[in-house]
Number of protein chains: 2
Amino acid sequence: MKKSLGARTLAYPTPVWLVATYDAEGRPNVMTAAWAAIVCSKPPSVGVSLRKATYSYGSIVARQAFTINVPSELHVREADFCGMASGRDTDKFAKTGFTPVKSELVDAPYIAECPLILECKLSHTVEIGLHTQFIGEILDVKADPEVLGEAGLPEVEKVKPVVFGPEVRTYHGLGRYLGKAFAIGKEL
Amino acid sequence: MKKSLGARTLAYPTPVWLVATYDAEGRPNVMTAAWAAIVCSKPPSVGVSLRKATYSYGSIVARQAFTINVPSELHVREADFCGMASGRDTDKFAKTGFTPVKSELVDAPYIAECPLILECKLSHTVEIGLHTQFIGEILDVKADPEVLGEAGLPEVEKVKPVVFGPEVRTYHGLGRYLGKAFAIGKEL
């Protein structure tokens, strides 16, 4: 018999992604987001939900662009910091030591230290409630050569992404390989 | 120097969640989704993107409801299967051995064997491209008593959710605890 826990945002796993933007004055900023996912295959698109109160909200509206940066577990402290401080009064790039790189495709910076980044042009704005979902078309994905595997794709074990557990507020690394998708289910 | 990989749906981690629905005849069906996330805190809401070609698409439109079921890594084979077979010609509950339980809150079944489930009422439908994003308000979260920790919340280590790596098509378990969110970043 399952126990009812009420209406809340409890689901595992959620990502720990860094959303990077330029503000109206062209200053780079970064915030952490867990309410985010790939939302469409064609055009390849990613959605990220932000509260209107965040400094990044205005930057995405103004610049119509953002990048998604996947930090590795080496940067879990920096990622946590970027989810607490505000770009309104803190230079989070300076504080974390992250290096902003100007995207050549969209009006946003990406983070040099993150092994995997997505350059996104705003395509949809969805008002849901406390959060507004920004959907961006992914114009390019860039990865550090060190995380690429034999197929030329970034390997999950090398990227070492961070997983967030909402409400319990814990960060986790990735664990053991469980199997090949679109393959192991054929046994059934 | 980062390597450009083109415009594609490459981001880690993505969830492996099971979307359960009733079809027009009241038959329970389940499909696997990775293009999914929490999208709003108030009202607590989850988004899941489906292709129109899926059988579940019509069921969500007809019933205006779905459940999100978080499988544990014990059921990674069943989850993979539910992402390949179609409810149009396959009884996936029978094939997987999953047990559908009628939700008392929304017009959809949930999966008894999944340790964590979300009962959702459709609130928004977002046309993006190949995928349509269904946003559902989370009316309740239910969990198996065995996965609850001291605070009465489901512990990530006990739920043992599965992580999917798109494009590389690999499933992974959760790994080591990296730290406490809204805490470890304060060191900076």
# chains A, B, ... in the order shown; residues from 1 in each chain; ligands from 1
>>> calpha_fit_and_write(fixed="chain A", moving="chain B", output="tab-separated table (two decimals) with C-alpha atoms, in the first residue's frame")
chain	number	residue	atom	x	y	z
B	1	MET	CA	0.01	0.01	0.00
B	2	LYS	CA	1.58	3.24	-1.16
B	3	LYS	CA	1.75	6.20	1.19
B	4	SER	CA	0.29	9.53	0.02
B	5	LEU	CA	2.82	12.37	0.29
B	6	GLY	CA	0.68	15.20	-1.08
B	7	ALA	CA	0.97	17.43	-4.13
B	8	ARG	CA	4.67	18.22	-4.44
B	9	THR	CA	7.60	18.25	-6.83
B	10	LEU	CA	9.02	14.87	-5.94
B	11	ALA	CA	10.47	12.92	-8.83
B	12	TYR	CA	13.87	11.35	-9.42
B	13	PRO	CA	16.17	11.82	-11.23
B	14	THR	CA	16.31	15.53	-12.05
B	15	PRO	CA	19.27	17.12	-13.81
B	16	VAL	CA	21.65	19.74	-12.45
B	17	TRP	CA	22.21	22.04	-15.38
B	18	LEU	CA	23.66	25.53	-15.53
B	19	VAL	CA	21.78	28.13	-17.57
B	20	ALA	CA	24.08	30.86	-18.86
B	21	THR	CA	22.93	34.21	-20.21
B	22	TYR	CA	24.01	37.77	-20.91
B	23	ASP	CA	22.10	40.48	-19.09
B	24	ALA	CA	20.99	43.76	-20.69
B	25	GLU	CA	24.48	45.20	-20.11
B	26	GLY	CA	26.19	42.18	-21.62
B	27	ARG	CA	27.42	40.74	-18.32
B	28	PRO	CA	27.53	36.94	-18.26
B	29	ASN	CA	25.46	35.22	-15.60
B	30	VAL	CA	24.76	31.64	-14.67
B	31	MET	CA	22.08	29.94	-12.61
B	32	THR	CA	21.37	26.35	-11.68
B	33	ALA	CA	18.20	24.64	-12.89
B	34	ALA	CA	16.71	21.25	-12.12
B	35	TRP	CA	13.28	21.81	-13.67
B	36	ALA	CA	14.67	21.11	-17.11
B	37	ALA	CA	14.65	18.47	-19.85
B	38	ILE	CA	14.90	17.73	-23.52
B	39	VAL	CA	11.35	18.43	-24.76
B	40	CYS	CA	11.42	17.71	-28.50
B	41	SER	CA	13.53	15.75	-30.98
B	42	LYS	CA	12.69	17.77	-34.13
B	43	PRO	CA	13.56	20.55	-33.87
B	44	PRO	CA	15.90	19.44	-31.09
B	45	SER	CA	14.70	21.49	-28.13
B	46	VAL	CA	15.29	21.83	-24.43
B	47	GLY	CA	12.99	23.34	-21.82
B	48	VAL	CA	14.03	25.03	-18.62
B	49	SER	CA	11.69	26.51	-16.02
B	50	LEU	CA	12.62	29.69	-14.14
B	51	ARG	CA	10.86	31.85	-11.63
B	52	LYS	CA	10.18	35.40	-12.82
B	53	ALA	CA	12.07	36.63	-9.75
B	54	THR	CA	15.38	35.27	-11.03
B	55	TYR	CA	17.84	37.61	-12.68
B	56	SER	CA	18.25	35.16	-15.54
B	57	TYR	CA	14.56	35.42	-16.41
B	58	GLY	CA	14.93	38.99	-17.69
B	59	SER	CA	18.11	38.11	-19.52
B	60	ILE	CA	16.47	35.30	-21.49
B	61	VAL	CA	13.53	37.54	-22.38
B	62	ALA	CA	15.91	40.31	-23.48
B	63	ARG	CA	18.41	38.17	-25.39
B	64	GLN	CA	16.04	35.42	-26.61
B	65	ALA	CA	18.83	32.93	-26.00
B	66	PHE	CA	20.55	30.83	-23.37
B	67	THR	CA	22.97	27.96	-23.07
B	68	ILE	CA	22.57	24.78	-21.08
B	69	ASN	CA	25.83	23.70	-19.50
B	70	VAL	CA	26.20	20.23	-18.00
B	71	PRO	CA	28.63	20.42	-15.09
B	72	SER	CA	30.59	17.35	-14.08
B	73	GLU	CA	30.57	16.16	-10.50
B	74	LEU	CA	33.90	17.95	-10.07
B	75	HIS	CA	31.90	21.19	-10.06
B	76	VAL	CA	29.03	20.19	-7.79
B	77	ARG	CA	29.96	22.91	-5.26
B	78	GLU	CA	30.00	25.58	-7.95
B	79	ALA	CA	26.68	24.32	-9.28
B	80	ASP	CA	25.14	24.50	-5.81
B	81	PHE	CA	26.46	28.02	-5.36
B	82	CYS	CA	24.95	29.16	-8.67
B	83	GLY	CA	21.56	28.02	-7.41
B	84	MET	CA	21.73	30.18	-4.30
B	85	ALA	CA	23.42	33.47	-5.27
B	86	SER	CA	21.75	35.95	-7.66
B	87	GLY	CA	23.35	37.57	-10.68
B	88	ARG	CA	21.64	40.77	-9.56
B	89	ASP	CA	24.32	41.34	-6.92
B	90	THR	CA	26.93	38.63	-7.51
B	91	ASP	CA	29.36	37.98	-10.34
B	92	LYS	CA	28.93	34.22	-10.28
B	93	PHE	CA	31.49	33.63	-13.02
B	94	ALA	CA	34.12	35.42	-10.90
B	95	LYS	CA	33.08	33.63	-7.70
B	96	THR	CA	33.12	30.15	-9.22
B	97	GLY	CA	36.15	30.66	-11.44
B	98	PHE	CA	34.05	29.61	-14.43
B	99	THR	CA	35.11	31.09	-17.78
B	100	PRO	CA	32.39	32.55	-20.03
B	101	VAL	CA	32.87	31.91	-23.74
B	102	LYS	CA	30.79	33.94	-26.18
B	103	SER	CA	28.67	31.66	-28.35
B	104	GLU	CA	29.00	32.30	-32.07
B	105	LEU	CA	25.49	30.97	-32.66
B	106	VAL	CA	23.31	32.57	-30.00
B	107	ASP	CA	23.41	35.69	-27.85
B	108	ALA	CA	24.60	33.91	-24.70
B	109	PRO	CA	27.84	32.68	-23.17
B	110	TYR	CA	28.71	29.08	-22.41
B	111	ILE	CA	30.93	27.76	-19.65
B	112	ALA	CA	34.38	26.58	-20.73
B	113	GLU	CA	34.73	24.26	-17.73
B	114	CYS	CA	31.55	22.26	-18.45
B	115	PRO	CA	32.21	19.16	-20.56
B	116	LEU	CA	28.91	19.34	-22.49
B	117	ILE	CA	27.02	22.46	-23.57
B	118	LEU	CA	23.91	23.26	-25.63
B	119	GLU	CA	23.45	26.56	-27.46
B	120	CYS	CA	19.77	27.49	-27.55
B	121	LYS	CA	17.60	30.07	-29.27
B	122	LEU	CA	14.35	30.83	-27.44
B	123	SER	CA	11.39	29.37	-29.32
B	124	HIS	CA	8.50	29.13	-26.83
B	125	THR	CA	7.61	30.74	-23.52
B	126	VAL	CA	5.09	28.79	-21.46
B	127	GLU	CA	3.46	30.43	-18.45
B	128	ILE	CA	2.67	27.67	-15.98
B	129	GLY	CA	2.51	29.27	-12.54
B	130	LEU	CA	5.38	30.23	-10.26
B	131	HIS	CA	7.67	29.02	-13.02
B	132	THR	CA	7.83	30.06	-16.64
B	133	GLN	CA	9.17	27.45	-19.01
B	134	PHE	CA	11.55	28.68	-21.68
B	135	ILE	CA	11.89	26.29	-24.58
B	136	GLY	CA	14.95	26.76	-26.72
B	137	GLU	CA	15.85	25.22	-30.03
B	138	ILE	CA	19.24	23.55	-29.73
B	139	LEU	CA	21.39	25.01	-32.50
B	140	ASP	CA	24.52	23.12	-31.54
B	141	VAL	CA	25.91	20.79	-28.92
B	142	LYS	CA	29.58	21.10	-28.03
B	143	ALA	CA	31.67	18.74	-25.95
B	144	ASP	CA	35.20	18.50	-24.64
B	145	PRO	CA	37.23	16.05	-26.75
B	146	GLU	CA	38.20	14.23	-23.53
B	147	VAL	CA	34.61	13.05	-22.91
B	148	LEU	CA	34.02	11.68	-26.40
B	149	GLY	CA	33.88	7.93	-26.90
B	150	GLU	CA	34.56	5.76	-29.91
B	151	ALA	CA	31.35	6.73	-31.69
B	152	GLY	CA	32.29	10.39	-31.37
B	153	LEU	CA	29.55	10.92	-28.79
B	154	PRO	CA	30.06	12.08	-25.20
B	155	GLU	CA	30.08	9.10	-22.84
B	156	VAL	CA	27.99	9.41	-19.72
B	157	GLU	CA	30.78	7.90	-17.61
B	158	LYS	CA	33.21	10.57	-18.80
B	159	VAL	CA	30.84	13.56	-18.55
B	160	LYS	CA	29.99	12.51	-14.97
B	161	PRO	CA	26.76	14.55	-14.74
B	162	VAL	CA	25.18	15.37	-11.40
B	163	VAL	CA	21.71	14.19	-10.38
B	164	PHE	CA	19.55	16.16	-7.95
B	165	GLY	CA	16.94	14.79	-5.61
B	166	PRO	CA	14.36	17.51	-5.02
B	167	GLU	CA	12.84	17.92	-1.55
B	168	VAL	CA	15.45	15.58	-0.05
B	169	ARG	CA	17.96	18.08	-1.48
B	170	THR	CA	20.76	15.66	-2.26
B	171	TYR	CA	23.25	15.47	-5.12
B	172	HIS	CA	24.37	12.17	-6.56
B	173	GLY	CA	26.83	10.98	-9.15
B	174	LEU	CA	26.06	8.46	-11.83
B	175	GLY	CA	26.39	4.80	-10.96
B	176	ARG	CA	26.86	1.53	-12.70
B	177	TYR	CA	25.94	0.78	-16.29
B	178	LEU	CA	22.60	-1.04	-16.36
B	179	GLY	CA	22.28	-1.92	-20.02
B	180	LYS	CA	21.72	-0.79	-23.57
B	181	ALA	CA	18.55	1.12	-24.39
B	182	PHE	CA	16.25	-0.16	-27.16
B	183	ALA	CA	17.92	-3.51	-26.62
B	184	ILE	CA	17.65	-5.09	-23.15
B	185	GLY	CA	13.85	-4.91	-23.21
B	186	LYS	CA	13.73	-7.21	-26.23
B	187	GLU	CA	14.21	-10.14	-23.84
B	188	LEU	CA	10.56	-9.64	-22.87
>>> select_by_dssp(residues="stretch 85-154 of chain A", states="strand (DSSP E)", output="ChimeraX atom specification")
/A:100-102,109-111,116-127,131-143
>>> select_by_dssp(residues="stretch 88-133 of chain B", states="helix (DSSP H, G or I)", output="ChimeraX atom specification")
/B:92-96
